[in-house]
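For reference, protein_22.cif (mmCIF, C-alpha atoms):
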data_upload
#
loop_
_atom_site.label_atom_id
_atom_site.label_comp_id
_atom_site.auth_asym_id
_atom_site.auth_seq_id
_atom_site.Cartn_x
_atom_site.Cartn_y
_atom_site.Cartn_z
CA MET K 51 -2.12 2.15 50.05
CA ALA K 52 -4.99 3.61 48.13
CA GLY K 53 -4.95 6.55 45.75
CA GLU K 54 -5.43 10.14 46.77
CA GLU K 55 -8.97 11.36 47.28
CA LYS K 56 -10.43 14.56 45.89
CA GLY K 57 -9.30 17.76 47.52
CA GLY K 58 -5.90 16.33 48.36
CA LYS K 59 -7.17 14.32 51.34
CA ILE K 60 -5.31 11.06 51.94
CA PRO K 61 -7.56 8.01 52.48
CA ARG K 62 -7.35 5.89 55.59
CA THR K 63 -4.58 3.34 55.89
CA THR K 64 -6.13 -0.10 55.44
CA GLU K 65 -3.02 -2.29 55.20
CA PHE K 66 -1.16 -2.53 58.51
CA GLU K 67 2.50 -3.29 59.08
CA PHE K 68 4.25 -4.50 62.24
CA MET K 69 1.02 -6.25 63.37
CA GLY K 70 -0.93 -2.99 63.40
CA PRO K 71 -1.71 -1.00 66.56
CA ILE K 72 -0.87 -3.88 68.92
CA GLY K 73 2.50 -4.38 67.26
CA SER K 74 3.14 -0.65 67.44
CA VAL K 75 2.63 -0.68 71.21
CA LEU K 76 5.06 -3.57 71.51
CA MET K 77 7.64 -1.74 69.40
CA LEU K 78 7.26 1.49 71.39
CA VAL K 79 8.16 -0.45 74.51
CA SER K 80 10.55 -3.12 73.26
CA LEU K 81 12.86 -0.94 71.14
CA PRO K 82 14.06 1.27 74.04
CA LEU K 83 14.24 -1.80 76.31
CA THR K 84 16.51 -3.47 73.75
CA VAL K 85 18.89 -0.51 73.89
CA TYR K 86 18.99 -0.82 77.68
CA TYR K 87 19.36 -4.60 77.56
CA LEU K 88 22.37 -4.39 75.27
CA TYR K 89 23.97 -1.86 77.58
CA PHE K 90 23.45 -3.78 80.82
CA ALA K 91 24.15 -7.20 79.31
CA CYS K 92 27.50 -6.04 77.93
CA GLN K 93 29.50 -4.66 80.84
CA PRO K 94 33.24 -4.68 81.70
CA GLU K 95 32.78 -7.64 84.03
CA SER K 96 30.76 -9.76 81.63
CA CYS K 97 29.20 -9.60 78.16
CA SER K 98 26.94 -12.60 77.77
CA VAL K 99 23.32 -13.39 77.03
CA PHE K 100 23.51 -16.08 79.72
CA ASP K 101 24.25 -13.67 82.56
CA LEU K 102 21.38 -11.73 84.12
CA PRO K 103 22.03 -8.02 83.45
CA GLN K 104 22.79 -6.01 86.60
CA VAL K 105 20.30 -3.15 86.26
CA THR K 106 20.74 0.01 88.29
CA PHE K 107 17.77 1.78 89.92
CA ASP K 108 19.59 5.05 90.57
CA LEU K 109 17.97 7.72 88.37
CA SER K 110 21.26 9.62 88.04
CA ASP K 111 22.73 6.59 86.29
CA TYR K 112 20.16 7.05 83.54
CA LEU K 113 19.92 10.80 83.21
CA ASP K 114 22.00 13.78 84.24
CA ARG K 115 22.58 17.39 83.27
CA ASP K 116 25.86 16.80 81.42
CA ALA K 117 24.35 14.20 79.11
CA VAL K 118 21.33 16.41 78.37
CA LEU K 119 23.58 19.37 77.57
CA ILE K 120 25.84 17.25 75.36
CA PHE K 121 22.85 15.88 73.43
CA ILE K 122 21.10 19.24 73.01
CA GLY K 123 24.37 20.91 72.08
CA TRP K 124 25.03 18.23 69.48
CA MET K 125 21.55 18.61 67.95
CA LEU K 126 21.92 22.40 67.81
CA PHE K 127 25.39 22.12 66.31
CA GLN K 128 24.11 19.80 63.58
CA THR K 129 21.15 22.10 62.94
CA LEU K 130 23.43 25.11 62.48
CA LEU K 131 25.64 23.18 60.08
CA TYR K 132 22.59 22.03 58.12
CA LEU K 133 21.40 25.64 57.78
CA ALA K 134 24.86 27.04 57.04
CA PRO K 135 25.35 28.59 53.57
CA ILE K 136 27.49 25.71 52.31
CA GLY K 137 26.70 23.03 49.78
CA THR K 138 24.07 22.98 47.08
CA GLU K 139 20.36 22.34 46.68
CA THR K 140 18.53 19.66 44.71
CA GLU K 141 14.98 18.57 44.01
CA GLY K 142 13.41 15.48 45.53
CA VAL K 143 11.08 13.05 43.78
CA VAL K 144 7.72 14.17 42.44
CA LEU K 145 5.11 14.29 45.20
CA ARG K 146 1.46 13.29 44.95
CA ASN K 147 0.47 16.86 44.07
CA GLY K 148 3.03 17.00 41.24
CA THR K 149 5.51 19.27 43.05
CA ARG K 150 9.04 18.60 44.25
CA LEU K 151 10.62 19.61 47.54
CA ILE K 152 14.00 21.31 47.64
CA TYR K 153 16.70 19.67 49.78
CA LYS K 154 19.97 21.03 51.12
CA ILE K 155 22.98 18.94 50.08
CA ASN K 156 25.88 19.61 52.44
CA ALA K 157 26.14 16.52 54.65
CA PHE K 158 29.66 15.65 53.49
CA TYR K 159 30.89 19.07 54.58
CA VAL K 160 29.03 18.59 57.86
CA VAL K 161 30.71 15.27 58.67
CA ILE K 162 34.15 16.66 57.85
CA ILE K 163 33.54 19.69 60.09
CA SER K 164 32.17 17.43 62.85
CA PHE K 165 35.21 15.15 62.69
CA ALA K 166 37.53 18.17 62.64
CA MET K 167 35.85 19.66 65.73
CA PHE K 168 36.21 16.32 67.49
CA GLY K 169 39.88 16.30 66.51
CA LEU K 170 40.32 19.76 67.99
CA GLY K 171 38.73 18.52 71.19
CA VAL K 172 41.30 15.71 71.32
CA TYR K 173 44.15 18.15 70.58
CA TYR K 174 43.12 20.43 73.43
CA ASP K 175 42.67 17.49 75.82
CA TYR K 176 38.91 17.88 76.19
CA PRO K 177 37.69 14.76 78.06
CA LEU K 178 35.85 13.24 75.12
CA HIS K 179 36.01 9.84 76.77
CA VAL K 180 32.90 11.19 78.50
CA LEU K 181 31.05 9.56 75.58
CA TYR K 182 31.94 6.21 77.14
CA ASP K 183 31.43 7.37 80.73
CA LYS K 184 28.00 8.91 80.00
CA TYR K 185 26.91 6.33 77.44
CA LEU K 186 23.80 5.25 79.36
CA GLN K 187 22.76 8.81 80.19
CA LEU K 188 23.22 9.88 76.57
CA ALA K 189 21.15 6.92 75.38
CA THR K 190 18.35 7.78 77.81
CA THR K 191 18.39 11.40 76.66
CA ALA K 192 18.13 10.29 73.04
CA ILE K 193 15.22 7.97 73.88
CA ILE K 194 13.29 10.67 75.74
CA PHE K 195 13.94 13.16 72.95
CA SER K 196 12.66 10.61 70.41
CA TYR K 197 9.36 10.24 72.25
CA LEU K 198 8.94 14.02 72.59
CA LEU K 199 9.83 14.76 68.97
CA SER K 200 7.46 12.02 67.77
CA LEU K 201 4.64 13.52 69.82
CA TYR K 202 5.34 16.96 68.36
CA LEU K 203 5.34 15.49 64.86
CA TYR K 204 2.00 13.78 65.40
CA ILE K 205 0.38 16.98 66.73
CA LYS K 206 1.88 18.99 63.88
CA ALA K 207 0.48 16.56 61.34
CA ALA K 208 -2.95 16.53 62.98
CA MET K 209 -3.09 20.33 62.80
CA GLY K 210 -1.69 20.53 59.27
CA PRO K 211 -3.28 20.17 55.84
CA PRO K 212 -4.79 16.75 55.02
CA SER K 213 -2.67 16.53 51.86
CA ALA K 214 0.52 16.39 53.99
CA ILE K 215 -0.49 13.13 55.71
CA ALA K 216 1.56 10.00 55.06
CA PRO K 217 -0.56 7.29 53.40
CA ARG K 218 1.07 4.61 55.58
CA GLY K 219 0.36 6.49 58.82
CA ASN K 220 -3.27 7.52 58.46
CA SER K 221 -5.12 4.65 60.12
CA GLY K 222 -7.03 6.67 62.69
CA TYR K 223 -5.33 4.70 65.48
CA PHE K 224 -3.17 7.12 67.44
CA VAL K 225 -0.53 4.61 68.51
CA TYR K 226 -0.10 3.20 65.00
CA ASP K 227 0.11 6.59 63.29
CA PHE K 228 2.39 7.87 66.08
CA PHE K 229 4.74 4.95 65.38
CA MET K 230 4.58 4.91 61.58
CA GLY K 231 4.58 8.69 61.13
CA HIS K 232 1.45 10.73 60.51
CA GLU K 233 3.06 13.30 58.16
CA LEU K 234 5.16 12.40 55.15
CA ASN K 235 7.51 15.39 54.93
CA PRO K 236 7.27 17.48 58.11
CA ARG K 237 9.03 20.81 57.74
CA ILE K 238 9.54 23.98 59.74
CA GLY K 239 9.90 26.49 56.95
CA LYS K 240 12.52 24.95 54.67
CA PHE K 241 13.97 22.82 57.46
CA ASP K 242 13.05 19.21 56.64
CA LEU K 243 12.94 17.29 59.93
CA LYS K 244 12.94 13.80 58.45
CA TYR K 245 15.73 14.49 55.99
CA PHE K 246 17.83 16.16 58.70
CA CYS K 247 17.50 13.30 61.18
CA GLU K 248 17.97 10.56 58.60
CA LEU K 249 21.67 11.15 57.96
CA ARG K 250 23.15 13.69 60.34
CA PRO K 251 22.92 13.70 64.15
CA GLY K 252 22.53 9.95 64.70
CA LEU K 253 24.77 8.68 61.92
CA ILE K 254 27.65 11.09 62.59
CA GLY K 255 27.06 10.69 66.32
CA TRP K 256 27.54 6.92 65.95
CA ALA K 257 31.02 7.46 64.47
CA LEU K 258 31.94 9.94 67.20
CA LEU K 259 30.73 7.58 69.92
CA ASN K 260 33.13 5.01 68.48
CA PHE K 261 35.97 7.53 68.60
CA GLY K 262 35.05 8.20 72.22
CA MET K 263 35.47 4.48 72.95
CA VAL K 264 39.04 4.60 71.63
CA LEU K 265 39.79 7.67 73.75
CA LYS K 266 38.58 5.78 76.82
CA ILE K 267 41.29 3.21 76.18
CA TYR K 268 43.93 5.94 76.00
CA GLU K 269 42.50 7.56 79.15
CA ARG K 270 43.19 4.28 80.97
CA GLY K 271 46.80 4.39 79.83
CA GLU K 272 46.32 1.46 77.45
CA GLN K 273 46.77 1.06 73.69
CA PRO K 274 43.86 0.26 71.34
CA THR K 275 44.05 -3.07 69.54
CA ALA K 276 43.83 -3.53 65.80
CA ALA K 277 40.34 -4.95 66.36
CA ILE K 278 38.78 -1.76 67.71
CA LEU K 279 40.67 0.39 65.21
CA LEU K 280 39.27 -1.72 62.37
CA VAL K 281 35.72 -1.41 63.71
CA CYS K 282 35.98 2.36 64.15
CA PHE K 283 37.60 2.85 60.74
CA PHE K 284 35.13 0.60 58.89
CA GLN K 285 32.12 2.29 60.44
CA ALA K 286 33.50 5.80 59.93
CA VAL K 287 34.04 5.00 56.24
CA TYR K 288 30.46 3.75 56.04
CA VAL K 289 29.18 7.01 57.54
CA VAL K 290 31.32 9.24 55.33
CA ASP K 291 30.31 7.27 52.23
CA ALA K 292 26.61 7.65 53.09
CA LEU K 293 27.02 11.42 53.48
CA TRP K 294 29.11 11.74 50.32
CA HIS K 295 26.22 10.12 48.44
CA GLU K 296 23.61 12.13 50.36
CA LYS K 297 21.55 12.81 47.26
CA SER K 298 20.87 9.10 46.81
CA ILE K 299 18.74 8.97 49.96
CA LEU K 300 16.08 11.09 48.27
CA THR K 301 14.84 8.05 46.34
CA THR K 302 14.79 5.64 49.30
CA MET K 303 11.72 4.15 50.97
CA ASP K 304 12.27 6.18 54.15
CA ILE K 305 12.09 9.52 52.35
CA VAL K 306 9.62 8.72 49.58
CA HIS K 307 7.03 6.51 51.31
CA ASP K 308 7.39 6.38 55.10
CA GLY K 309 5.98 9.05 57.35
CA PHE K 310 8.19 10.58 60.02
CA GLY K 311 7.13 9.13 63.33
CA PHE K 312 8.64 7.17 66.19
CA MET K 313 9.84 4.35 63.93
CA LEU K 314 12.24 6.61 62.04
CA VAL K 315 12.85 9.19 64.80
CA PHE K 316 13.94 6.57 67.33
CA GLY K 317 15.84 4.65 64.67
CA ASP K 318 17.77 7.72 63.56
CA LEU K 319 18.53 9.31 66.93
CA ALA K 320 18.69 6.45 69.44
CA TRP K 321 18.83 3.03 67.80
CA VAL K 322 21.60 3.74 65.28
CA PRO K 323 24.12 5.43 67.57
CA PHE K 324 23.47 3.33 70.67
CA THR K 325 23.18 -0.16 69.17
CA TYR K 326 25.51 0.18 66.19
CA SER K 327 28.35 1.28 68.51
CA LEU K 328 28.10 -1.94 70.53
CA GLN K 329 31.14 -3.56 68.87
CA ALA K 330 33.41 -0.64 69.76
CA ARG K 331 32.07 -0.48 73.33
CA TYR K 332 32.60 -4.23 73.71
CA LEU K 333 36.22 -3.98 72.57
CA VAL K 334 37.01 -1.27 75.13
CA ASP K 335 36.54 -3.76 77.98
CA HIS K 336 37.06 -7.05 76.14
CA PRO K 337 40.01 -6.48 73.80
CA VAL K 338 40.60 -8.99 71.03
CA HIS K 339 44.06 -9.53 69.52
CA LEU K 340 43.95 -10.43 65.84
CA SER K 341 46.65 -12.08 63.77
CA ASN K 342 47.87 -10.36 60.61
CA LEU K 343 46.08 -12.99 58.54
CA ALA K 344 42.80 -12.34 60.38
CA VAL K 345 43.17 -8.58 59.84
CA ALA K 346 43.77 -9.12 56.11
CA ALA K 347 40.77 -11.46 55.79
CA ILE K 348 38.46 -9.04 57.60
CA ILE K 349 39.62 -6.14 55.44
CA GLY K 350 39.05 -8.28 52.34
CA LEU K 351 35.47 -9.06 53.39
CA LYS K 352 34.81 -5.39 54.13
CA LEU K 353 36.16 -4.36 50.70
CA LEU K 354 34.03 -7.00 48.96
CA GLY K 355 30.90 -5.86 50.78
CA PHE K 356 31.65 -2.21 50.09
CA MET K 357 32.27 -2.88 46.40
CA ILE K 358 28.89 -4.62 46.05
CA PHE K 359 27.07 -2.06 48.20
CA ARG K 360 28.47 1.06 46.57
CA GLY K 361 28.58 -0.32 43.05
CA SER K 362 24.95 -1.43 43.10
CA ASN K 363 23.64 1.70 44.80
CA SER K 364 25.49 3.97 42.38
CA GLN K 365 24.23 1.97 39.42
CA LYS K 366 20.65 2.17 40.67
CA ASP K 367 20.85 5.89 41.41
CA ALA K 368 22.34 6.70 38.01
CA PHE K 369 19.65 4.65 36.24
CA ARG K 370 16.84 6.31 38.19
CA ARG K 371 18.13 9.77 37.37
CA ASN K 372 18.74 9.17 33.67
CA PRO K 373 17.91 5.74 32.20
CA ASN K 374 19.14 7.00 28.79
CA ASP K 375 22.63 7.86 30.02
CA PRO K 376 25.13 6.53 27.42
CA ALA K 377 27.26 5.19 30.29
CA LEU K 378 24.40 2.80 31.12
CA LYS K 379 23.69 1.56 27.60
CA HIS K 380 25.19 -1.86 28.41
CA LEU K 381 22.50 -2.46 31.03
CA LYS K 382 19.33 -4.35 30.14
CA SER K 383 15.95 -3.27 31.48
CA ILE K 384 12.30 -4.07 30.94
CA PRO K 385 9.48 -1.53 30.49
CA THR K 386 6.48 -1.39 32.81
CA GLN K 387 2.95 -0.10 32.44
CA ALA K 388 3.75 2.34 35.25
CA GLY K 389 6.04 4.16 32.82
CA SER K 390 9.37 3.33 34.44
CA ARG K 391 11.85 0.59 33.63
CA LEU K 392 13.31 -2.16 35.82
CA LEU K 393 16.95 -3.19 35.62
CA VAL K 394 17.55 -6.87 34.87
CA SER K 395 21.32 -6.88 34.33
CA GLY K 396 24.46 -5.60 36.01
CA TRP K 397 24.37 -5.76 39.79
CA TRP K 398 20.57 -5.75 39.66
CA GLY K 399 20.44 -8.77 37.38
CA MET K 400 22.19 -10.92 40.02
CA VAL K 401 19.63 -10.37 42.77
CA ARG K 402 16.81 -7.92 43.42
CA HIS K 403 18.70 -6.23 46.26
CA PRO K 404 22.47 -6.50 45.74
CA ASN K 405 22.93 -3.47 47.99
CA TYR K 406 21.47 -5.50 50.86
CA LEU K 407 23.96 -8.28 50.19
CA GLY K 408 26.83 -5.79 50.35
CA ASP K 409 25.42 -4.32 53.55
CA ILE K 410 25.26 -7.75 55.19
CA LEU K 411 28.86 -8.59 54.26
CA MET K 412 30.04 -5.28 55.72
CA ALA K 413 28.00 -5.88 58.87
CA ILE K 414 29.75 -9.24 59.35
CA SER K 415 33.14 -7.57 58.88
CA TRP K 416 32.29 -5.17 61.72
CA SER K 417 31.63 -8.01 64.16
CA LEU K 418 34.44 -10.37 63.18
CA PRO K 419 37.04 -8.22 65.01
CA CYS K 420 35.11 -8.95 68.23
CA GLY K 421 35.76 -12.66 67.95
CA PHE K 422 33.35 -15.35 69.14
CA ASN K 423 33.59 -15.27 72.93
CA SER K 424 30.24 -13.44 73.08
CA ILE K 425 27.29 -13.33 70.72
CA LEU K 426 26.25 -9.83 71.83
CA PRO K 427 28.71 -7.99 69.55
CA TRP K 428 27.07 -9.95 66.73
CA PHE K 429 23.72 -8.33 67.49
CA TYR K 430 24.08 -5.85 64.64
CA PRO K 431 24.55 -8.29 61.73
CA LEU K 432 21.90 -10.66 63.12
CA TYR K 433 19.40 -7.86 63.59
CA PHE K 434 20.35 -6.32 60.25
CA ILE K 435 19.71 -9.53 58.33
CA VAL K 436 16.20 -9.69 59.83
CA LEU K 437 15.66 -5.99 59.08
CA LEU K 438 16.74 -6.31 55.45
CA ILE K 439 14.63 -9.42 54.87
CA HIS K 440 11.63 -7.54 56.25
CA ARG K 441 12.47 -4.45 54.20
CA GLU K 442 12.81 -6.58 51.06
CA TRP K 443 9.36 -8.01 51.78
CA ARG K 444 7.91 -4.50 52.21
CA ASP K 445 9.54 -3.32 48.99
CA SER K 446 8.37 -6.36 47.05
CA HIS K 447 4.82 -5.87 48.35
CA GLU K 448 4.79 -2.23 47.20
CA CYS K 449 6.33 -3.08 43.83
CA LYS K 450 3.72 -5.78 43.24
CA LYS K 451 0.97 -3.20 43.80
CA LYS K 452 2.71 -0.65 41.60
CA TYR K 453 3.81 -2.83 38.67
CA GLY K 454 1.35 -5.73 38.77
CA GLN K 455 2.14 -8.40 36.15
CA ASP K 456 5.30 -6.54 35.15
CA TRP K 457 6.66 -7.27 38.63
CA ASP K 458 5.90 -10.96 38.19
CA HIS K 459 7.79 -10.89 34.90
CA TYR K 460 10.71 -9.11 36.57
CA CYS K 461 10.81 -11.71 39.36
CA SER K 462 10.93 -14.50 36.78
CA LEU K 463 14.04 -12.86 35.28
CA VAL K 464 15.74 -11.95 38.57
CA LYS K 465 14.91 -14.97 40.70
CA TYR K 466 16.91 -14.34 43.86
CA ARG K 467 16.06 -11.68 46.40
CA ILE K 468 19.32 -10.94 48.29
CA VAL K 469 21.82 -13.83 48.08
CA PRO K 470 22.42 -15.49 44.67
CA TYR K 471 21.30 -19.15 44.57
CA VAL K 472 20.36 -19.01 48.26
CA TYR K 473 17.60 -16.47 48.88
#

Whole structure given in structure tokens:
Amino acid sequence: MAGEEKGGKIPRTTEFEFMGPIGSVLMLVSLPLTVYYLYFACQPESCSVFDLPQVTFDLSDYLDRDAVLIFIGWMLFQTLLYLAPIGTETEGVVLRNGTRLIYKINAFYVVIISFAMFGLGVYYDYPLHVLYDKYLQLATTAIIFSYLLSLYLYIKAAMGPPSAIAPRGNSGYFVYDFFMGHELNPRIGKFDLKYFCELRPGLIGWALLNFGMVLKIYERGEQPTAAILLVCFFQAVYVVDALWHEKSILTTMDIVHDGFGFMLVFGDLAWVPFTYSLQARYLVDHPVHLSNLAVAAIIGLKLLGFMIFRGSNSQKDAFRRNPNDPALKHLKSIPTQAGSRLLVSGWWGMVRHPNYLGDILMAISWSLPCGFNSILPWFYPLYFIVLLIHREWRDSHECKKKYGQDWDHYCSLVKYRIVPYVY
């Protein structure tokens, strides 16, 4: 990524990710197909990679009015809560032009209200098991919406000021920039589209989809097992924790560096809710009965992962906001020519990405309740390990460009990337 040109114009992207334009085409096709594959491969009759998925060719099985109305209603509901006069405001990181954007901080209130509304629906016997019944139609609606929103974002960026372009999505190749995101911080007035989608509709929707899976079990006159209750509870805690620490996302790669295109749009609105809920959907039709010892071991792994994940993220966020905080005086860091400092002790002295390690351990704890009769419920941790390794590579590449020899020195002090003494 080159520096900014005179007049605020962003230079052309010269370093491609995901194999460039060809890889982008493959991703635009393969990502939605993966969502469909996971749905059809994991059905009540069978959930196996060795069985040929029974695909339907009836259009109404993919899309119907109810699913469209549910999806649009959900997006509007989340938009209204985002705009509601609750919460606070905070500044983001410094942009290329020296300014900072203002962000609304109210996601924790939003998730509590969303959960409460869902609870009211249960109390008044609203058929919320429709989330299971219309799962495929809802997924299709989310996929179509992701394509349409991404197209709007590309057109908006093309018609906007050159200074708003994302450096990573300015190659001149439509398909690549469409995928990577042509604009860095697309907004409609003060409404930040990327920031809104990153944490709210897809993430909260994932938790509610899980709740809908449990209600499907009750609708059948059955009782949910400890396995599905663990999965739903673990993942709901993960969502609530992310929204409680909403401010921390403002320093992440997605917000600071990546443009808002299909990669993030689809990931936020379709991939997260409709692949991350696979464990709960599997357990609706393939219940697993866990021993008390197994439940205790799974909870222990989840707590360990959460401790590493939250502890390291909080430590990093506090250091970024105020490296001179007396509460952080026990931490060692090294200076860089870029003006910032790099932590080399605490959680961040163990490995370069302890938060990734915690994330992986939690991901495993979400699949363990599904047992080992099928590998499909293990899709999430397997995919997530690949994703985090790739993200670590991207981050390391950017840090090498930013810090130069200081990054080499840092790597000599913190030798392991994600797993101590392993990787």

Select from region 383-457 of chain K every residue with an atom at most 9 Å from any atom of region 274-294 of chain K, then for each give the shortest pair of atoms and their distance in Å to one decimal, using only C-alpha atoms, rows by chain and rising number, as a Markdown table.
| residue | atom | partner | partner_atom | distance |
| --- | --- | --- | --- | --- |
| K:Met412 | CA | K:Phe284 | CA | 8.4 |
| K:Ser415 | CA | K:Val281 | CA | 8.2 |
| K:Trp416 | CA | K:Val281 | CA | 5.5 |
| K:Ser417 | CA | K:Val281 | CA | 7.8 |
| K:Leu418 | CA | K:Ala277 | CA | 8.6 |
| K:Pro419 | CA | K:Ala277 | CA | 4.8 |
| K:Cys420 | CA | K:Ala277 | CA | 6.8 |

Could you take the residues named above and write them with C-alpha atoms, as a PDB file, keeping the file's coordinate frame?
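What landed in part15.pdb:
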ATOM      1  CA  MET K 412      30.040  -5.280  55.720  1.00  0.00           C
ATOM      2  CA  SER K 415      33.140  -7.570  58.880  1.00  0.00           C
ATOM      3  CA  TRP K 416      32.290  -5.170  61.720  1.00  0.00           C
ATOM      4  CA  SER K 417      31.630  -8.010  64.160  1.00  0.00           C
ATOM      5  CA  LEU K 418      34.440 -10.370  63.180  1.00  0.00           C
ATOM      6  CA  PRO K 419      37.040  -8.220  65.010  1.00  0.00           C
ATOM      7  CA  CYS K 420      35.110  -8.950  68.230  1.00  0.00           C
TER       8      CYS K 420
END

Contacts of Gly222 (chain K) within 12 Å, only C-alpha atoms, excl. fewer than 6 positions in-chain, as a PDB file with C-alpha atoms, in the frame of the given file:
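In the end it all went to part_23.pdb:
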ATOM      1  CA  ILE K  60      -5.310  11.060  51.940  1.00  0.00           C
ATOM      2  CA  PRO K  61      -7.560   8.010  52.480  1.00  0.00           C
ATOM      3  CA  ARG K  62      -7.350   5.890  55.590  1.00  0.00           C
ATOM      4  CA  THR K  63      -4.580   3.340  55.890  1.00  0.00           C
ATOM      5  CA  THR K  64      -6.130  -0.100  55.440  1.00  0.00           C
ATOM      6  CA  PHE K  66      -1.160  -2.530  58.510  1.00  0.00           C
ATOM      7  CA  GLY K  70      -0.930  -2.990  63.400  1.00  0.00           C
ATOM      8  CA  PRO K  71      -1.710  -1.000  66.560  1.00  0.00           C
ATOM      9  CA  TYR K 204       2.000  13.780  65.400  1.00  0.00           C
ATOM     10  CA  ALA K 208      -2.950  16.530  62.980  1.00  0.00           C
ATOM     11  CA  ILE K 215      -0.490  13.130  55.710  1.00  0.00           C
ATOM     12  CA  ALA K 216       1.560  10.000  55.060  1.00  0.00           C
ATOM     13  CA  PHE K 228       2.390   7.870  66.080  1.00  0.00           C
ATOM     14  CA  MET K 230       4.580   4.910  61.580  1.00  0.00           C
ATOM     15  CA  GLY K 231       4.580   8.690  61.130  1.00  0.00           C
ATOM     16  CA  HIS K 232       1.450  10.730  60.510  1.00  0.00           C
TER      17      HIS K 232
END

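Compared by their closest atoms to Arg370 (chain K), and using only C-alpha atoms, the residues K:Thr302, K:Thr325, K:Ser446, K:Ser341 rank with K:Thr302 nearest.
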
For region 138-153 of chain K, take all atoms listed in the file, fit an axis-aligned box around them, add 5 Å to each of the six sides, then output centre and edge lengths in Å rounded to one decimal, as lines of an AutoDock Vina configuration file.
center_x = 12.3
center_y = 18.0
center_z = 45.5
size_x = 33.6
size_y = 19.9
size_z = 18.5

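For the residues K:Gly171, K:Gly252, K:Pro236, K:Gly137, ranking by smallest atom-to-atom distance to Phe121 (chain K) using all atoms listed in the file places K:Gly252 first.
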
| said: Could you list, as a PyMOL selection string, every residue matched by the PyMOL selection byres ((chain K and resi 377-384) around 12) in this structure? | reply: chain K and resi 364-376+385-399+453+456-461+463-464

Please save C-alpha atoms of the selected residues as a short mmCIF file (atom, residue, chain, number, x, y, z; two decimals), keeping the file's coordinate frame.
data_model
loop_
_atom_site.label_atom_id
_atom_site.label_comp_id
_atom_site.auth_asym_id
_atom_site.auth_seq_id
_atom_site.Cartn_x
_atom_site.Cartn_y
_atom_site.Cartn_z
CA SER K 364 25.49 3.97 42.38
CA GLN K 365 24.23 1.97 39.42
CA LYS K 366 20.65 2.17 40.67
CA ASP K 367 20.85 5.89 41.41
CA ALA K 368 22.34 6.70 38.01
CA PHE K 369 19.65 4.65 36.24
CA ARG K 370 16.84 6.31 38.19
CA ARG K 371 18.13 9.77 37.37
CA ASN K 372 18.74 9.17 33.67
CA PRO K 373 17.91 5.74 32.20
CA ASN K 374 19.14 7.00 28.79
CA ASP K 375 22.63 7.86 30.02
CA PRO K 376 25.13 6.53 27.42
CA PRO K 385 9.48 -1.53 30.49
CA THR K 386 6.48 -1.39 32.81
CA GLN K 387 2.95 -0.10 32.44
CA ALA K 388 3.75 2.34 35.25
CA GLY K 389 6.04 4.16 32.82
CA SER K 390 9.37 3.33 34.44
CA ARG K 391 11.85 0.59 33.63
CA LEU K 392 13.31 -2.16 35.82
CA LEU K 393 16.95 -3.19 35.62
CA VAL K 394 17.55 -6.87 34.87
CA SER K 395 21.32 -6.88 34.33
CA GLY K 396 24.46 -5.60 36.01
CA TRP K 397 24.37 -5.76 39.79
CA TRP K 398 20.57 -5.75 39.66
CA GLY K 399 20.44 -8.77 37.38
CA TYR K 453 3.81 -2.83 38.67
CA ASP K 456 5.30 -6.54 35.15
CA TRP K 457 6.66 -7.27 38.63
CA ASP K 458 5.90 -10.96 38.19
CA HIS K 459 7.79 -10.89 34.90
CA TYR K 460 10.71 -9.11 36.57
CA CYS K 461 10.81 -11.71 39.36
CA LEU K 463 14.04 -12.86 35.28
CA VAL K 464 15.74 -11.95 38.57
#

Note to self: Need to verify the contact set: Thr191 (chain K), 8 Å, only C-alpha atoms, exclusion of same-chain residues closer than 2 positions in sequence. Can you return it as a PyMOL selection string?
What the structure shows: chain K and resi 113+117-118+121+187-189+193-195

Shortest contact to Val79 (chain K), candidates K:Val160, K:Phe229, K:Val144, K:Ala207, atoms counted all atoms listed in the file, goes to K:Phe229

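Closest approach to Tyr245 (chain K) among K:Arg331, K:Lys154, K:Lys184, K:Arg270: K:Lys154, based on all atoms listed in the file.
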